[in-house]
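Structure file target-v4.cif with mmCIF, C-alpha atoms:
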```
data_structure
#
loop_
_atom_site.group_PDB
_atom_site.id
_atom_site.type_symbol
_atom_site.label_atom_id
_atom_site.label_comp_id
_atom_site.auth_asym_id
_atom_site.auth_seq_id
_atom_site.Cartn_x
_atom_site.Cartn_y
_atom_site.Cartn_z
ATOM 1 C CA MET X 1 19.430 -12.987 22.121
ATOM 2 C CA GLY X 2 20.368 -11.405 18.815
ATOM 3 C CA LYS X 3 17.820 -13.496 16.946
ATOM 4 C CA LEU X 4 15.166 -12.582 19.514
ATOM 5 C CA ASN X 5 15.923 -8.877 19.069
ATOM 6 C CA ILE X 6 15.615 -9.235 15.301
ATOM 7 C CA GLN X 7 12.260 -10.974 15.650
ATOM 8 C CA LEU X 8 11.049 -8.343 18.101
ATOM 9 C CA LYS X 9 12.118 -5.550 15.756
ATOM 10 C CA ALA X 10 10.365 -7.286 12.852
ATOM 11 C CA THR X 11 7.172 -7.636 14.888
ATOM 12 C CA ILE X 12 7.241 -3.972 15.882
ATOM 13 C CA PHE X 13 7.823 -2.866 12.295
ATOM 14 C CA ILE X 14 4.946 -4.997 11.009
ATOM 15 C CA LEU X 15 2.540 -3.850 13.737
ATOM 16 C CA ALA X 16 3.498 -0.205 13.239
ATOM 17 C CA GLY X 17 3.164 -0.510 9.472
ATOM 18 C CA GLY X 18 -0.225 -2.185 9.728
ATOM 19 C CA MET X 19 -1.547 0.395 12.190
ATOM 20 C CA LEU X 20 -0.279 3.288 10.073
ATOM 21 C CA TRP X 21 -1.811 1.770 6.943
ATOM 22 C CA GLY X 22 -5.100 1.340 8.781
ATOM 23 C CA LEU X 23 -5.038 4.919 10.044
ATOM 24 C CA VAL X 24 -4.402 6.218 6.529
ATOM 25 C CA GLU X 25 -7.300 4.167 5.186
ATOM 26 C CA LEU X 26 -9.575 5.282 8.006
ATOM 27 C CA ALA X 27 -8.612 8.920 7.555
ATOM 28 C CA GLY X 28 -9.357 8.707 3.843
ATOM 29 C CA VAL X 29 -12.767 7.113 4.350
ATOM 30 C CA LEU X 30 -13.802 9.560 7.076
ATOM 31 C CA SER X 31 -12.437 12.751 5.536
ATOM 32 C CA VAL X 32 -13.511 12.389 1.902
ATOM 33 C CA LYS X 33 -17.250 12.140 1.342
ATOM 34 C CA PRO X 34 -18.687 10.137 -1.586
ATOM 35 C CA SER X 35 -20.228 13.349 -2.909
ATOM 36 C CA SER X 36 -16.826 15.048 -3.098
ATOM 37 C CA ALA X 37 -15.211 15.576 -6.509
ATOM 38 C CA PHE X 38 -11.995 14.151 -5.042
ATOM 39 C CA TYR X 39 -13.667 10.868 -4.084
ATOM 40 C CA ILE X 40 -13.022 9.236 -7.462
ATOM 41 C CA TYR X 41 -9.264 9.712 -6.952
ATOM 42 C CA LEU X 42 -9.260 8.487 -3.344
ATOM 43 C CA PRO X 43 -8.377 4.837 -4.182
ATOM 44 C CA SER X 44 -5.294 6.013 -6.085
ATOM 45 C CA VAL X 45 -4.046 8.212 -3.251
ATOM 46 C CA LEU X 46 -4.700 5.562 -0.596
ATOM 47 C CA THR X 47 -2.931 2.963 -2.731
ATOM 48 C CA ALA X 48 0.160 5.161 -3.093
ATOM 49 C CA LEU X 49 0.337 5.883 0.645
ATOM 50 C CA ALA X 50 -0.254 2.233 1.526
ATOM 51 C CA LEU X 51 2.525 1.043 -0.782
ATOM 52 C CA LEU X 52 4.898 3.674 0.582
ATOM 53 C CA ILE X 53 4.324 2.329 4.095
ATOM 54 C CA VAL X 54 4.479 -1.359 3.161
ATOM 55 C CA PHE X 55 7.545 -0.823 0.955
ATOM 56 C CA ASN X 56 9.505 0.773 3.778
ATOM 57 C CA VAL X 57 8.550 -1.934 6.247
ATOM 58 C CA LYS X 58 9.251 -4.720 3.773
ATOM 59 C CA LYS X 59 12.727 -3.347 3.021
ATOM 60 C CA SER X 60 13.592 -3.905 6.674
ATOM 61 C CA VAL X 61 11.463 -6.982 7.352
ATOM 62 C CA GLN X 62 11.773 -9.341 4.408
ATOM 63 C CA MET X 63 9.455 -11.905 5.927
ATOM 64 C CA PRO X 64 7.030 -13.805 3.663
ATOM 65 C CA GLY X 65 3.480 -12.642 4.219
ATOM 66 C CA ALA X 66 4.450 -9.453 6.088
ATOM 67 C CA ALA X 67 2.291 -7.336 3.778
ATOM 68 C CA ILE X 68 -0.700 -9.643 4.348
ATOM 69 C CA ILE X 69 -0.333 -9.290 8.126
ATOM 70 C CA MET X 70 -0.192 -5.501 7.790
ATOM 71 C CA ALA X 71 -3.254 -5.645 5.546
ATOM 72 C CA LEU X 72 -5.238 -7.554 8.174
ATOM 73 C CA ILE X 73 -4.333 -4.934 10.778
ATOM 74 C CA ALA X 74 -5.277 -2.176 8.346
ATOM 75 C CA ILE X 75 -8.653 -3.816 7.693
ATOM 76 C CA TRP X 76 -9.399 -3.838 11.417
ATOM 77 C CA TYR X 77 -8.717 -0.104 11.597
ATOM 78 C CA LYS X 78 -10.725 0.578 8.465
ATOM 79 C CA SER X 79 -13.700 -1.348 9.863
ATOM 80 C CA ILE X 80 -14.077 1.369 12.501
ATOM 81 C CA GLY X 81 -15.416 3.755 9.871
ATOM 82 C CA SER X 82 -19.170 3.901 9.327
ATOM 83 C CA LEU X 83 -18.698 3.615 5.553
ATOM 84 C CA PHE X 84 -16.804 0.319 5.718
ATOM 85 C CA LEU X 85 -17.816 -2.272 3.119
ATOM 86 C CA PRO X 86 -16.580 -5.841 2.562
ATOM 87 C CA CYS X 87 -15.175 -4.800 -0.814
ATOM 88 C CA MET X 88 -12.820 -2.412 1.012
ATOM 89 C CA ALA X 89 -11.290 -5.352 2.840
ATOM 90 C CA ALA X 90 -10.925 -7.192 -0.471
ATOM 91 C CA ALA X 91 -9.101 -4.199 -1.972
ATOM 92 C CA VAL X 92 -6.588 -4.092 0.891
ATOM 93 C CA ILE X 93 -5.915 -7.850 0.752
ATOM 94 C CA CYS X 94 -5.491 -7.812 -3.035
ATOM 95 C CA LEU X 95 -3.002 -4.954 -2.786
ATOM 96 C CA ALA X 96 -1.000 -6.694 -0.065
ATOM 97 C CA ALA X 97 -0.891 -10.025 -1.909
ATOM 98 C CA SER X 98 0.141 -8.380 -5.170
ATOM 99 C CA PHE X 99 2.820 -6.378 -3.383
ATOM 100 C CA ASP X 100 4.279 -9.438 -1.652
ATOM 101 C CA PHE X 101 4.508 -11.306 -4.953
ATOM 102 C CA ALA X 102 5.932 -8.345 -6.904
ATOM 103 C CA PHE X 103 8.460 -7.595 -4.163
ATOM 104 C CA TRP X 104 9.602 -11.217 -4.224
ATOM 105 C CA LEU X 105 10.194 -10.893 -7.974
ATOM 106 C CA TYR X 106 11.734 -7.419 -8.111
ATOM 107 C CA LYS X 107 13.407 -6.811 -4.712
ATOM 108 C CA ASP X 108 16.909 -7.227 -6.172
ATOM 109 C CA LYS X 109 16.132 -5.269 -9.340
ATOM 110 C CA LEU X 110 14.920 -1.957 -7.912
ATOM 111 C CA ASN X 111 17.632 0.442 -9.015
ATOM 112 C CA SER X 112 16.497 2.914 -11.655
ATOM 113 C CA PHE X 113 13.319 4.963 -11.799
ATOM 114 C CA LYS X 114 12.178 2.687 -14.638
ATOM 115 C CA ASP X 115 12.520 -0.322 -12.311
ATOM 116 C CA HIS X 116 10.276 1.353 -9.756
ATOM 117 C CA ILE X 117 7.700 2.188 -12.424
ATOM 118 C CA ILE X 118 7.622 -1.462 -13.537
ATOM 119 C CA PHE X 119 7.399 -2.669 -9.935
ATOM 120 C CA SER X 120 4.615 -0.204 -9.080
ATOM 121 C CA ALA X 121 2.678 -1.020 -12.259
ATOM 122 C CA ALA X 122 2.984 -4.776 -11.706
ATOM 123 C CA THR X 123 1.762 -4.440 -8.120
ATOM 124 C CA ILE X 124 -1.061 -1.992 -8.720
ATOM 125 C CA PHE X 125 -2.545 -3.221 -11.993
ATOM 126 C CA SER X 126 -2.554 -6.854 -10.856
ATOM 127 C CA ALA X 127 -4.179 -5.855 -7.550
ATOM 128 C CA PHE X 128 -6.800 -3.691 -9.249
ATOM 129 C CA VAL X 129 -7.675 -6.321 -11.860
ATOM 130 C CA ILE X 130 -7.972 -9.117 -9.293
ATOM 131 C CA PHE X 131 -10.028 -6.895 -6.981
ATOM 132 C CA SER X 132 -12.386 -5.900 -9.824
ATOM 133 C CA ILE X 133 -12.966 -9.535 -10.769
ATOM 134 C CA ILE X 134 -13.638 -10.532 -7.142
ATOM 135 C CA VAL X 135 -16.148 -7.784 -6.346
ATOM 136 C CA THR X 136 -17.919 -8.030 -9.713
ATOM 137 C CA PHE X 137 -18.152 -11.763 -10.325
ATOM 138 C CA ILE X 138 -17.651 -13.388 -6.910
ATOM 139 C CA MET X 139 -18.900 -10.959 -4.257
ATOM 140 C CA LEU X 140 -21.490 -9.571 -6.719
ATOM 141 C CA GLN X 141 -21.344 -6.056 -5.305
ATOM 142 C CA PRO X 142 -24.225 -4.089 -6.928
ATOM 143 C CA PHE X 143 -22.056 -1.021 -7.589
ATOM 144 C CA TRP X 144 -19.626 -3.099 -9.646
ATOM 145 C CA VAL X 145 -22.160 -5.484 -11.212
ATOM 146 C CA ASN X 146 -24.289 -2.585 -12.457
ATOM 147 C CA GLY X 147 -21.264 -0.783 -13.817
ATOM 148 C CA GLY X 148 -20.062 -3.802 -15.760
ATOM 149 C CA PHE X 149 -16.844 -3.844 -17.744
ATOM 150 C CA ALA X 150 -16.968 -0.070 -18.217
ATOM 151 C CA ARG X 151 -16.600 0.463 -14.477
ATOM 152 C CA ILE X 152 -13.818 -2.121 -14.271
ATOM 153 C CA ALA X 153 -11.959 -0.445 -17.135
ATOM 154 C CA GLN X 154 -12.348 2.990 -15.553
ATOM 155 C CA TYR X 155 -11.097 1.740 -12.206
ATOM 156 C CA VAL X 156 -8.118 -0.165 -13.569
ATOM 157 C CA LEU X 157 -7.050 2.320 -16.234
ATOM 158 C CA LEU X 158 -7.862 5.635 -14.524
ATOM 159 C CA ASN X 159 -7.260 4.875 -10.857
ATOM 160 C CA GLY X 160 -4.562 2.320 -11.580
ATOM 161 C CA THR X 161 -2.553 4.642 -13.810
ATOM 162 C CA LEU X 162 -2.866 7.535 -11.363
ATOM 163 C CA ALA X 163 -1.790 5.250 -8.503
ATOM 164 C CA VAL X 164 1.299 4.170 -10.455
ATOM 165 C CA CYS X 165 2.168 7.805 -11.215
ATOM 166 C CA LEU X 166 1.954 8.637 -7.505
ATOM 167 C CA THR X 167 3.619 5.486 -6.186
ATOM 168 C CA ALA X 168 6.664 5.069 -8.428
ATOM 169 C CA PRO X 169 8.291 8.439 -7.514
ATOM 170 C CA LEU X 170 7.673 7.858 -3.789
ATOM 171 C CA LEU X 171 9.271 4.423 -3.830
ATOM 172 C CA TYR X 172 12.149 5.617 -5.993
ATOM 173 C CA LEU X 173 12.893 8.486 -3.609
ATOM 174 C CA THR X 174 12.873 6.007 -0.740
ATOM 175 C CA THR X 175 15.397 3.767 -2.488
ATOM 176 C CA ARG X 176 17.608 6.706 -3.472
ATOM 177 C CA SER X 177 17.562 8.067 0.071
ATOM 178 C CA GLU X 178 18.445 4.644 1.441
ATOM 179 C CA LYS X 179 21.422 4.314 -0.899
ATOM 180 C CA LYS X 180 22.741 7.779 -0.053
ATOM 181 C CA LEU X 181 22.439 7.164 3.662
ATOM 182 C CA ASN X 182 24.015 3.732 3.313
ATOM 183 C CA ALA X 183 26.997 5.511 1.771
ATOM 184 C CA LEU X 184 27.181 7.413 5.045
ATOM 185 C CA HIS X 185 27.079 4.053 6.867
ATOM 186 C CA LEU X 186 23.517 4.503 8.093
ATOM 187 C CA SER X 187 21.327 1.408 8.108
ATOM 188 C CA SER X 188 18.249 0.835 5.966
ATOM 189 C CA ASN X 189 16.288 0.336 9.199
ATOM 190 C CA TRP X 190 17.028 3.943 10.055
ATOM 191 C CA VAL X 191 15.755 5.057 6.657
ATOM 192 C CA SER X 192 12.603 2.962 6.872
ATOM 193 C CA GLY X 193 11.930 4.120 10.410
ATOM 194 C CA THR X 194 12.430 7.756 9.473
ATOM 195 C CA VAL X 195 10.120 7.593 6.461
ATOM 196 C CA THR X 196 7.466 5.809 8.487
ATOM 197 C CA ALA X 197 7.775 8.377 11.274
ATOM 198 C CA LEU X 198 7.376 11.185 8.745
ATOM 199 C CA CYS X 199 4.221 9.501 7.464
ATOM 200 C CA ILE X 200 2.861 9.405 11.003
ATOM 201 C CA VAL X 201 3.634 13.104 11.562
ATOM 202 C CA PHE X 202 2.021 13.969 8.228
ATOM 203 C CA LEU X 203 -1.051 11.949 9.150
ATOM 204 C CA MET X 204 -1.327 13.704 12.502
ATOM 205 C CA PHE X 205 -1.370 17.118 10.830
ATOM 206 C CA VAL X 206 -3.847 15.940 8.194
#
```
Re-express the file's structure as structure tokens.
Amino acid sequence: MGKLNIQLKATIFILAGGMLWGLVELAGVLSVKPSSAFYIYLPSVLTALALLIVFNVKKSVQMPGAAIIMALIAIWYKSIGSLFLPCMAAAVICLAASFDFAFWLYKDKLNSFKDHIIFSAATIFSAFVIFSIIVTFIMLQPFWVNGGFARIAQYVLLNGTLAVCLTAPLLYLTTRSEKKLNALHLSSNWVSGTVTALCIVFLMFV
């Protein structure tokens, strides 16, 4: 029974995380128009919010491939938007795969703020580079093909750096909060659930 409850809790966490990630992606696509000056920074903001959600779920559900499952759910939500493109799905999958690999490498080393910067940079830059290669040389998306290496460099260096600057503090605050609450004998599940709930409330008001 205990094992069943753990599996049920893991399933709920993954489904909730995937749905929240999808809602964040959908909200970003629908609320920020391509003509907006903020549009160029949208990938960075969405990346930071996505990693905040996945990080909190993964801390409680350390199941291989959990981020990929959440990504697939997020893609389904994002496909509801009228501006959905195949490259958007590729971006979400690349981010999830990079996160899963980086988390496997760094999960026991996330202590200082520097550790979180390294973890965030490893996840984001690898995801952005892989995504750029896929859409430019495999999917042959006109926007990326026409932009060439200059567009790839701008995306990786500008959006990637901004995403790291947004993500690292969020993840570090999550880890610090978890440690402080653990000192009060509160479980990490409670922390992850609380942070995720706050994200949902924030999204509702947005």
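Considering only C-alpha atoms, the residue among X:Tyr39, X:Trp76, X:Phe119, X:Phe13 positioned nearest to X:Val57 is X:Phe13.
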query = Counting all atoms listed in the file, which residues come within 9 Å of (-13.2, -1.2, -8.4), with the point read in the file's coordinates, and could you list them as a PyMOL selection string?
reply = chain X and resi 43+87+91+128-129+131-133+135-136+143-144+151-156+159
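Distances here use all atoms listed in the file; by that measure, the residue among X:Ala89, X:Val32, X:Met139, X:Ala168 closest to X:Ile117 is X:Ala168.
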ask   = Do you know which residues are at most 9 Å from X:Ala96 counting all atoms listed in the file, after dropping those on the same chain fewer than 6 positions away, and could you put them as a VMD selection string?
value = chain X and resid 51 54 65 to 71 123 127
task = Could you state which residues are captured by the PyMOL selection byres ((chain X and resi 11) around 12) in this file, as a PyMOL selection string?
result = chain X and resi 4-10+12-18+57-58+60-63+66+69-70
Atomic distance atom CA of X:Ser98 - atom CA of X:Ser126, expressed in Å with one decimal = 6.5 Å
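Atom CA of X:Ile93 to atom CA of X:Ser120 spans 16.3 Å [interatomic distance, one decimal].
The space between atom CA of X:Pro86 and atom CA of X:Ile118 spans 29.4 Å.
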Once 6 Å is added on each side, what are the centre and the three edge lengths, in Å to one decimal, of the axis-aligned box enclosing the listed atoms of stretch 35-50 of chain X? Present them as AutoDock Vina command-line options.
```
--center_x -9.9 --center_y 8.9 --center_z -3.0 --size_x 32.6 --size_y 25.3 --size_z 21.0
```
